[in-house]
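The data block below is final-v1.txt; it holds compact mmCIF, C-alpha atoms.
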# COMPACT_ATOMS: atom_id res chain seq x y z
CA MET A 184 -4.46 -5.06 81.07
CA SER A 185 -2.13 -2.08 81.61
CA ASP A 186 -2.39 1.22 79.72
CA LEU A 187 0.90 0.43 77.89
CA GLN A 188 -0.45 -2.91 76.64
CA THR A 189 -3.68 -1.24 75.51
CA LEU A 190 -1.70 1.46 73.66
CA GLN A 191 0.50 -1.17 72.00
CA ILE A 192 -2.53 -3.15 70.80
CA GLU A 193 -4.11 0.04 69.34
CA ILE A 194 -0.91 1.02 67.54
CA LEU A 195 -0.43 -2.49 66.11
CA ALA A 196 -4.06 -2.46 64.91
CA ALA A 197 -3.47 0.91 63.23
CA ILE A 198 -0.34 -0.48 61.55
CA ALA A 199 -2.21 -3.54 60.30
CA GLY A 200 -4.99 -1.31 58.92
CA ALA A 201 -2.66 1.11 57.07
CA SER A 202 -3.48 0.89 53.33
CA ASP A 203 -0.48 2.72 51.86
CA GLU A 204 2.90 4.15 52.74
CA ALA A 205 1.44 7.54 53.62
CA ALA A 206 -0.87 5.91 56.17
CA ILE A 207 1.92 3.85 57.71
CA GLU A 208 4.05 6.99 58.03
CA ALA A 209 1.21 8.73 59.87
CA VAL A 210 1.03 5.83 62.34
CA ARG A 211 4.81 5.99 62.88
CA VAL A 212 4.74 9.72 63.62
CA GLY A 213 1.78 9.27 65.98
CA ALA A 214 3.60 6.55 67.94
CA LEU A 215 7.31 7.25 67.68
CA GLY A 216 7.53 10.89 66.62
CA LYS A 217 8.69 13.66 68.97
CA LYS A 218 5.13 14.10 70.19
CA GLY A 219 4.12 10.46 69.69
CA SER A 220 2.35 8.38 72.31
CA ILE A 221 5.28 6.03 73.03
CA SER A 222 7.76 8.91 72.96
CA ALA A 223 5.61 10.67 75.56
CA LEU A 224 5.86 7.65 77.85
CA LEU A 225 9.64 7.56 77.46
CA SER A 226 9.83 11.22 78.48
CA THR A 227 8.22 10.36 81.85
CA LEU A 228 11.07 8.01 82.87
CA GLY A 229 13.12 10.89 84.29
CA LYS A 230 10.50 11.58 86.94
CA MET A 231 10.43 7.98 88.19
CA THR A 232 12.41 6.34 90.97
CA PRO A 233 15.29 4.09 89.92
CA GLU A 234 13.24 0.98 90.67
CA GLN A 235 10.25 2.24 88.60
CA ARG A 236 12.54 3.43 85.80
CA LYS A 237 14.10 -0.02 85.56
CA THR A 238 10.74 -1.79 85.34
CA GLU A 239 8.73 0.77 83.30
CA GLY A 240 11.64 1.65 81.04
CA ALA A 241 12.14 -1.97 80.00
CA ALA A 242 8.40 -2.35 79.25
CA ILE A 243 8.21 0.90 77.26
CA ASN A 244 11.37 0.09 75.21
CA LEU A 245 9.99 -3.38 74.51
CA ALA A 246 6.75 -1.85 73.24
CA LYS A 247 8.79 0.58 71.10
CA ASP A 248 10.76 -2.31 69.56
CA VAL A 249 7.58 -4.27 68.84
CA VAL A 250 5.97 -1.23 67.16
CA THR A 251 9.15 -0.48 65.16
CA GLN A 252 9.33 -4.05 63.84
CA ALA A 253 5.62 -4.01 62.97
CA LEU A 254 6.07 -0.69 61.10
CA THR A 255 9.02 -2.07 59.12
CA ALA A 256 7.20 -5.29 58.20
CA ARG A 257 4.03 -3.43 57.14
CA ARG A 258 5.99 -0.87 55.13
CA ASP A 259 7.74 -3.67 53.21
CA ILE A 260 4.39 -5.30 52.46
CA LEU A 261 2.93 -2.01 51.19
CA LYS A 262 6.01 -1.26 49.05
CA ASN A 263 5.81 -4.67 47.40
CA ALA A 264 2.07 -4.29 46.80
CA ALA A 265 2.61 -0.86 45.21
CA LEU A 266 5.37 -2.25 42.99
CA ASP A 267 3.17 -5.16 41.89
CA ALA A 268 0.34 -2.75 41.04
CA ARG A 269 2.68 -0.53 39.03
CA LEU A 270 4.13 -3.46 37.13
CA ALA A 271 0.63 -4.69 36.33
CA SER A 272 -0.44 -1.28 35.02
CA GLU A 273 2.74 -0.67 32.98
CA THR A 274 3.12 -4.10 31.46
CA ILE A 275 4.27 -4.11 27.81
CA ASP A 276 2.89 -6.86 25.60
CA VAL A 277 6.01 -7.93 23.70
CA THR A 278 3.87 -10.04 21.36
CA LEU A 279 2.44 -6.89 19.70
CA PRO A 280 4.14 -5.65 16.51
CA LEU A 281 6.56 -2.75 16.94
CA ARG A 282 4.96 0.60 16.20
CA GLU A 283 6.49 2.51 13.34
CA SER A 284 8.13 5.82 14.12
CA ALA A 285 6.55 9.03 12.89
CA ALA A 286 9.06 9.17 10.04
CA GLU A 287 8.07 5.67 8.97
CA GLN A 288 4.30 6.16 9.22
CA GLY A 289 4.05 8.96 6.64
CA ARG A 290 3.88 8.24 2.92
CA ILE A 291 5.15 10.09 -0.15
CA HIS A 292 2.41 10.41 -2.77
CA PRO A 293 3.17 8.43 -5.97
CA LEU A 294 3.04 11.63 -8.03
CA SER A 295 5.66 13.27 -5.81
CA GLN A 296 7.73 10.09 -6.04
CA VAL A 297 7.53 10.05 -9.85
CA MET A 298 8.47 13.74 -10.02
CA ASP A 299 11.55 12.97 -7.94
CA GLU A 300 12.36 10.05 -10.24
CA LEU A 301 12.02 12.25 -13.34
CA THR A 302 14.20 14.92 -11.79
CA THR A 303 16.84 12.34 -10.87
CA ILE A 304 16.96 10.85 -14.37
CA PHE A 305 17.05 14.10 -16.33
CA ALA A 306 19.43 15.82 -13.90
CA ASP A 307 21.85 12.98 -14.59
CA MET A 308 21.60 13.91 -18.30
CA GLY A 309 22.41 17.55 -17.55
CA PHE A 310 18.91 19.05 -17.58
CA ALA A 311 17.85 21.92 -15.33
CA ILE A 312 14.38 22.27 -13.78
CA ALA A 313 12.26 25.22 -14.97
CA GLU A 314 8.96 26.32 -13.43
CA GLY A 315 6.28 28.88 -14.20
CA PRO A 316 2.88 30.14 -13.00
CA ASP A 317 -0.29 28.09 -13.27
CA ILE A 318 -2.23 31.18 -14.44
CA GLU A 319 -1.05 32.15 -17.91
CA THR A 320 -1.76 34.62 -20.70
CA ASP A 321 -3.25 33.55 -24.00
CA ASP A 322 -0.05 34.78 -25.64
CA TYR A 323 2.26 32.42 -23.75
CA ASN A 324 -0.15 29.48 -23.65
CA PHE A 325 -1.17 29.57 -27.31
CA THR A 326 -0.01 32.36 -29.63
CA ARG A 327 3.78 32.12 -29.18
CA LEU A 328 3.46 28.33 -29.48
CA ASN A 329 2.04 28.68 -33.02
CA PHE A 330 -1.61 28.45 -31.91
CA PRO A 331 -3.01 31.60 -33.56
CA GLU A 332 -6.48 32.71 -32.48
CA GLY A 333 -9.10 30.56 -34.15
CA HIS A 334 -6.67 27.66 -34.76
CA PRO A 335 -8.61 24.35 -34.62
CA ALA A 336 -5.96 22.80 -32.35
CA ARG A 337 -7.14 25.10 -29.58
CA GLU A 338 -10.32 23.04 -29.30
CA MET A 339 -8.24 20.15 -27.88
CA HIS A 340 -7.08 22.50 -25.12
CA ASP A 341 -10.50 23.48 -23.80
CA THR A 342 -9.65 25.01 -20.44
CA PHE A 343 -10.65 27.34 -17.61
CA TYR A 344 -10.69 31.07 -18.38
CA PHE A 345 -10.82 34.03 -16.02
CA ASN A 346 -12.84 37.17 -16.54
CA PRO A 347 -10.95 39.97 -18.34
CA ASP A 348 -8.79 42.07 -16.03
CA ALA A 349 -8.61 45.87 -15.88
CA GLU A 350 -6.53 45.90 -19.07
CA GLY A 351 -8.98 43.66 -20.88
CA VAL A 352 -6.65 40.63 -20.82
CA ARG A 353 -8.40 37.33 -20.25
CA LYS A 354 -6.03 34.90 -18.54
CA LEU A 355 -6.47 31.15 -18.17
CA LEU A 356 -5.22 28.12 -16.30
CA ARG A 357 -2.40 26.75 -18.43
CA THR A 358 -3.29 23.71 -20.53
CA HIS A 359 0.30 22.43 -20.71
CA THR A 360 3.69 23.36 -19.29
CA SER A 361 4.88 24.63 -22.68
CA PRO A 362 4.51 28.28 -21.53
CA VAL A 363 7.46 27.56 -19.23
CA GLN A 364 9.49 26.78 -22.36
CA VAL A 365 8.42 30.12 -23.85
CA ARG A 366 9.39 32.00 -20.69
CA THR A 367 12.76 30.24 -20.61
CA MET A 368 13.55 31.02 -24.26
CA LEU A 369 12.61 34.67 -23.73
CA THR A 370 14.89 35.06 -20.70
CA GLN A 371 17.82 32.75 -21.47
CA LYS A 372 20.16 32.54 -24.40
CA PRO A 373 20.85 29.15 -26.03
CA PRO A 374 22.06 26.54 -25.43
CA ILE A 375 19.02 25.56 -23.36
CA ARG A 376 18.42 22.18 -21.75
CA ILE A 377 15.45 22.08 -19.36
CA ILE A 378 12.52 19.99 -18.19
CA CYS A 379 9.27 21.63 -17.05
CA PRO A 380 7.19 19.58 -14.59
CA GLY A 381 4.00 20.96 -13.10
CA ARG A 382 0.23 21.12 -12.90
CA THR A 383 -1.94 21.68 -15.97
CA TYR A 384 -5.69 22.12 -16.46
CA ARG A 385 -8.27 21.06 -19.04
CA SER A 386 -12.03 20.47 -18.98
CA ASP A 387 -11.86 16.67 -18.86
CA SER A 388 -13.10 14.23 -16.24
CA ASP A 389 -13.30 10.43 -16.56
CA GLN A 390 -11.32 7.33 -15.62
CA THR A 391 -8.21 8.50 -17.49
CA HIS A 392 -8.70 12.30 -17.38
CA THR A 393 -9.08 14.84 -14.59
CA PRO A 394 -9.59 18.63 -14.76
CA MET A 395 -6.21 19.07 -13.07
CA PHE A 396 -3.30 16.81 -13.97
CA HIS A 397 0.50 16.88 -14.20
CA GLN A 398 2.86 17.07 -17.15
CA VAL A 399 6.58 17.11 -17.71
CA GLU A 400 7.98 18.62 -20.87
CA GLY A 401 11.55 18.78 -22.06
CA LEU A 402 13.30 21.30 -24.29
CA VAL A 403 16.72 21.40 -25.91
CA ILE A 404 17.82 24.39 -28.02
CA ASP A 405 21.27 24.35 -29.59
CA LYS A 406 22.99 24.82 -32.92
CA GLY A 407 23.44 21.15 -33.70
CA SER A 408 20.53 19.41 -31.94
CA HIS A 409 18.60 16.87 -34.03
CA LEU A 410 16.12 13.99 -33.79
CA GLY A 411 18.89 11.48 -33.11
CA HIS A 412 19.64 13.26 -29.84
CA LEU A 413 15.93 13.30 -28.99
CA LYS A 414 15.54 9.55 -29.64
CA TRP A 415 18.56 8.74 -27.46
CA ILE A 416 17.28 10.87 -24.56
CA LEU A 417 13.82 9.29 -24.66
CA HIS A 418 15.26 5.78 -24.96
CA GLU A 419 17.55 6.27 -21.97
CA PHE A 420 14.74 7.85 -19.98
CA CYS A 421 12.35 4.93 -20.58
CA LYS A 422 15.00 2.39 -19.60
CA ALA A 423 15.82 4.25 -16.40
CA PHE A 424 12.24 5.10 -15.43
CA PHE A 425 10.73 1.66 -16.01
CA GLU A 426 13.93 0.05 -14.68
CA VAL A 427 14.51 -2.36 -17.56
CA ASP A 428 17.72 -3.22 -19.39
CA ASN A 429 16.30 -2.36 -22.80
CA VAL A 430 13.07 -1.19 -24.38
CA ASN A 431 12.20 -0.94 -28.05
CA MET A 432 10.54 2.25 -29.24
CA ARG A 433 8.81 3.32 -32.42
CA PHE A 434 8.16 6.84 -33.67
CA ARG A 435 5.01 7.63 -35.67
CA PRO A 436 4.31 10.85 -37.62
CA SER A 437 1.81 13.13 -35.91
CA PHE A 438 0.84 16.79 -35.69
CA PHE A 439 1.46 19.40 -33.01
CA PRO A 440 1.33 23.12 -33.83
CA PHE A 441 4.57 23.82 -31.95
CA THR A 442 6.78 21.12 -33.53
CA GLU A 443 7.71 20.18 -37.12
CA PRO A 444 8.17 17.33 -37.74
CA SER A 445 6.00 15.94 -34.92
CA LEU A 446 6.09 12.39 -33.61
CA GLU A 447 4.13 10.07 -31.32
CA VAL A 448 6.25 7.61 -29.35
CA ASP A 449 5.23 4.01 -28.58
CA ILE A 450 7.20 1.66 -26.37
CA GLN A 451 7.36 -2.12 -26.41
CA CYS A 452 5.23 -3.87 -23.81
CA ARG A 453 3.47 -7.08 -22.86
CA ARG A 454 -0.04 -7.10 -21.41
CA ASP A 455 -0.60 -10.03 -19.09
CA LYS A 456 -3.18 -10.57 -16.31
CA ASN A 457 -4.10 -6.88 -16.00
CA GLU A 458 -0.42 -5.94 -15.88
CA ILE A 459 1.77 -4.14 -18.38
CA ARG A 460 5.44 -5.09 -18.55
CA PHE A 461 7.84 -2.96 -20.54
CA GLY A 462 10.91 -4.10 -22.43
CA GLU A 463 9.28 -7.38 -23.49
CA GLY A 464 6.36 -8.73 -25.53
CA ASP A 465 4.95 -7.91 -28.96
CA ASP A 466 2.54 -5.12 -28.06
CA TRP A 467 2.98 -1.33 -28.17
CA LEU A 468 1.78 1.48 -25.93
CA GLU A 469 1.73 5.19 -26.75
CA ILE A 470 3.52 7.12 -24.03
CA LEU A 471 4.38 10.63 -25.24
CA GLY A 472 4.56 13.17 -28.04
CA CYS A 473 7.63 15.00 -29.32
CA GLY A 474 9.24 16.72 -32.30
CA MET A 475 11.56 19.43 -33.53
CA VAL A 476 10.62 22.90 -32.29
CA HIS A 477 8.71 24.77 -34.99
CA PRO A 478 10.64 27.73 -36.50
CA ASN A 479 7.63 29.96 -35.78
CA VAL A 480 7.99 29.21 -32.07
CA LEU A 481 11.69 30.07 -32.14
CA ARG A 482 10.96 33.38 -33.90
CA ALA A 483 8.19 34.21 -31.42
CA CYS A 484 10.74 33.70 -28.60
CA ASP A 485 13.41 35.87 -30.26
CA ILE A 486 15.62 32.94 -31.34
CA ASP A 487 16.92 32.83 -34.91
CA PRO A 488 15.81 29.50 -36.49
CA ASP A 489 18.59 29.84 -39.09
CA VAL A 490 21.17 29.59 -36.28
CA TYR A 491 19.49 27.42 -33.65
CA GLN A 492 17.16 24.48 -33.73
CA GLY A 493 15.75 22.36 -30.96
CA PHE A 494 13.49 19.54 -29.96
CA ALA A 495 10.84 19.10 -27.29
CA TRP A 496 8.70 16.38 -25.78
CA GLY A 497 5.89 16.07 -23.27
CA MET A 498 4.20 13.34 -21.26
CA GLY A 499 1.64 13.01 -18.49
CA ILE A 500 3.22 12.38 -15.08
CA ASP A 501 -0.03 10.87 -13.81
CA ARG A 502 -0.16 8.51 -16.78
CA ILE A 503 3.37 7.16 -16.46
CA ALA A 504 2.89 6.83 -12.69
CA MET A 505 -0.17 4.67 -13.31
CA LEU A 506 1.68 2.57 -15.88
CA LYS A 507 4.68 1.96 -13.65
CA TYR A 508 2.90 1.31 -10.36
CA GLY A 509 -0.29 -0.40 -11.57
CA MET A 510 -2.94 2.16 -10.61
CA ALA A 511 -6.18 1.60 -12.50
CA ASP A 512 -8.08 4.86 -12.03
CA LEU A 513 -6.55 8.31 -12.42
CA ARG A 514 -9.12 9.87 -10.09
CA GLN A 515 -7.81 7.88 -7.12
CA LEU A 516 -4.60 9.93 -7.28
CA PHE A 517 -6.52 12.97 -6.05
CA GLU A 518 -9.09 11.51 -3.63
CA GLY A 519 -6.84 11.70 -0.55
CA ASP A 520 -7.77 8.21 0.70
CA VAL A 521 -5.22 7.29 3.38
CA ARG A 522 -5.78 3.57 2.76
CA TRP A 523 -4.93 4.02 -0.92
CA LEU A 524 -1.88 6.10 -0.02
CA ASN A 525 -0.65 3.45 2.43
CA ASN A 526 -0.81 0.92 -0.40
CA TYR A 527 0.72 2.96 -3.23
CA GLY A 528 2.75 5.53 -1.29
CA PHE A 529 6.47 5.50 -0.55
CA LYS A 530 8.30 5.82 2.75
CA PRO A 531 9.84 9.27 3.31
CA LEU A 532 13.41 8.02 3.46
CA GLU A 533 13.18 5.99 0.22
CA VAL A 534 14.80 8.68 -1.92
CA PRO A 535 15.08 7.63 -5.58
CA THR A 536 18.61 7.34 -6.95
CA LEU A 537 19.97 5.89 -10.15
CA ALA A 538 22.60 3.91 -8.29
CA GLY A 539 20.31 2.52 -5.57
CA GLY A 540 17.19 2.08 -7.67
CA LEU A 541 14.43 4.58 -8.32
CA SER A 542 11.60 2.71 -6.61
CA THR A 543 13.32 0.27 -4.23

Since I need it in another form, could you write the structure as structure tokens?
Amino acid sequence: MSDLQTLQIEILAAIAGASDEAAIEAVRVGALGKKGSISALLSTLGKMTPEQRKTEGAAINLAKDVVTQALTARRDILKNAALDARLASETIDVTLPLRESAAEQGRIHPLSQVMDELTTIFADMGFAIAEGPDIETDDYNFTRLNFPEGHPAREMHDTFYFNPDAEGVRKLLRTHTSPVQVRTMLTQKPPIRIICPGRTYRSDSDQTHTPMFHQVEGLVIDKGSHLGHLKWILHEFCKAFFEVDNVNMRFRPSFFPFTEPSLEVDIQCRRDKNEIRFGEGDDWLEILGCGMVHPNVLRACDIDPDVYQGFAWGMGIDRIAMLKYGMADLRQLFEGDVRWLNNYGFKPLEVPTLAGGLST
């Protein structure tokens, strides 16, 4: 066997043993590159006689063609193998459910949803949103609301007090959002039409009470406001919030220090299979308290009760959220359980509107 045949066999063996495209390229350079073994043989043709050049040149070119074809064939095989491996590693199982986008995976907490619903309903009636601090003075939380020191009604508002400050004032976590009404009346001239949603605090903890909860209160101060206006507002609110065509309501006499007369409001409902449906049935459910603003409160906020009168109401946001969306335990609202939130939460883009539906 000649040296050329031996070289050809070695190169073909190297081509067959190449495991990837990088290896096959190394074989090509070693055989056919400028300094390759076959290229070196071709460079010797110039020193041969014409008869030798004719014989040796044909043999060397034949070996070059054989090697070139082998390189091309092996490269194609390796490319196809690499493509098959890539396809196998990047295969998408189209039978799996489509993953939700980041915007779809998040959930709006039911309390945030209900606050948006309240805002939507009352904004449509012309109410503005008023806010105030969670830490309040005794004066704003009690005294100006006709709760003088030692009044027995204060016992129902057992709350969290801070140590006296440098001036001897002992502040507290507000027990209702009524101080926001006081702040508004002290800084704005009538007519006033506001709602005051926010956090409140009392020393309660059981299935239907938590130390921190949420309230929304409403206030209207004007020269001609009366209970008829209040009843219409509450009736329209209940219809819109519970998304029913009509709901019967009844008003019962009650007592609140800051209103006179004071009323408790019940709405028509039907209890069936652990569900409560509003706007139907023969049962009643208490939902909120309301009344005409007490003249003493108006005087304490520098409003003349002989010129202006008003009405106010308040309800628990957590409570109406539970009633509307069927949540059994108030404490679950604050546990932060992602599984619970996935069940009761709302998608971020489901913005409540009166035209499109509050909760659809």

Per residue of range 434-472 of chain A within 9 Å of range 315-339 of chain A, which atom pair is closest and at what distance in Å (one decimal), using only C-alpha atoms, listed by chain and increasing number, as CSV?
residue,atom,partner,partner_atom,distance
A:Phe439,CA,A:Ala336,CA,8.2
A:Pro440,CA,A:Asn329,CA,5.7
A:Phe441,CA,A:Leu328,CA,5.3
A:Thr442,CA,A:Leu328,CA,8.9

Worksheet item: Which residues, written as number ranges by chain, have at least one atom at most 10 Å from range 193-210 of chain A, with all atoms listed in the file counted and residues fewer than 4 positions away on the same chain left out?
Response: A: 187-189, 214-216, 219-221, 246, 249-251, 253-262, 264-265

Worksheet item: With all atoms listed in the file as the basis for distance, which of A:Leu471, A:Asn525, A:Leu224, A:Ala286 is at the shortest distance from Ala241 in chain A?
Response: A:Leu224

Discussion item. Would you compute the distance between CA of Leu301 in chain A and CA of Lys422 in chain A? Give it in Å to one decimal.
Written reply: 12.1 Å

Item to complete: Work out how far CA of Leu245 in chain A is from CA of Leu225 in chain A, in Å to one decimal.
Response: 11.3 Å

Item to complete: Please indicate the distance in Å from CA of Ala495 in chain A to CA of Met298 in chain A, rounded to one decimal place.
Response: 18.2 Å

Using only the atoms of range 490-506 of chain A listed in the file, plus 3 Å on each side, state the axis-aligned box centre and edge lengths in Å rounded to one decimal, as AutoDock Vina command-line options.
--center_x 10.5 --center_y 16.1 --center_z -24.5 --size_x 27.3 --size_y 33.0 --size_z 29.6

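Nearest-residue note for Ile312 in chain A: choosing from A:Val480, A:Met498, A:Ile377, A:Ile243, the minimum distance belongs to A:Ile377, counting all atoms listed in the file.
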
With all atoms listed in the file as the counted atoms, please give the residues lying no more than 12 Å from Leu413 in chain A, apart from itself and same-chain residues fewer than 6 positions off, as a compact mmCIF listing (two decimals) with C-alpha atoms, in the coordinates of the input.
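The file below, around_32.txt, is the result:
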# COMPACT_ATOMS: atom_id res chain seq x y z
CA ARG A 376 18.42 22.18 -21.75
CA GLY A 401 11.55 18.78 -22.06
CA LEU A 402 13.30 21.30 -24.29
CA VAL A 403 16.72 21.40 -25.91
CA ILE A 404 17.82 24.39 -28.02
CA GLY A 407 23.44 21.15 -33.70
CA GLU A 419 17.55 6.27 -21.97
CA PHE A 420 14.74 7.85 -19.98
CA PHE A 434 8.16 6.84 -33.67
CA SER A 445 6.00 15.94 -34.92
CA LEU A 446 6.09 12.39 -33.61
CA VAL A 448 6.25 7.61 -29.35
CA GLY A 472 4.56 13.17 -28.04
CA CYS A 473 7.63 15.00 -29.32
CA GLY A 474 9.24 16.72 -32.30
CA MET A 475 11.56 19.43 -33.53
CA VAL A 476 10.62 22.90 -32.29
CA GLY A 493 15.75 22.36 -30.96
CA PHE A 494 13.49 19.54 -29.96
CA ALA A 495 10.84 19.10 -27.29
CA TRP A 496 8.70 16.38 -25.78
CA GLY A 497 5.89 16.07 -23.27

Worksheet item: Hey, which of A:Asp487, A:Glu447, A:Glu300, A:Asp455 ends up closest to Ala504 in chain A? Count only C-alpha atoms.
Response: A:Glu300
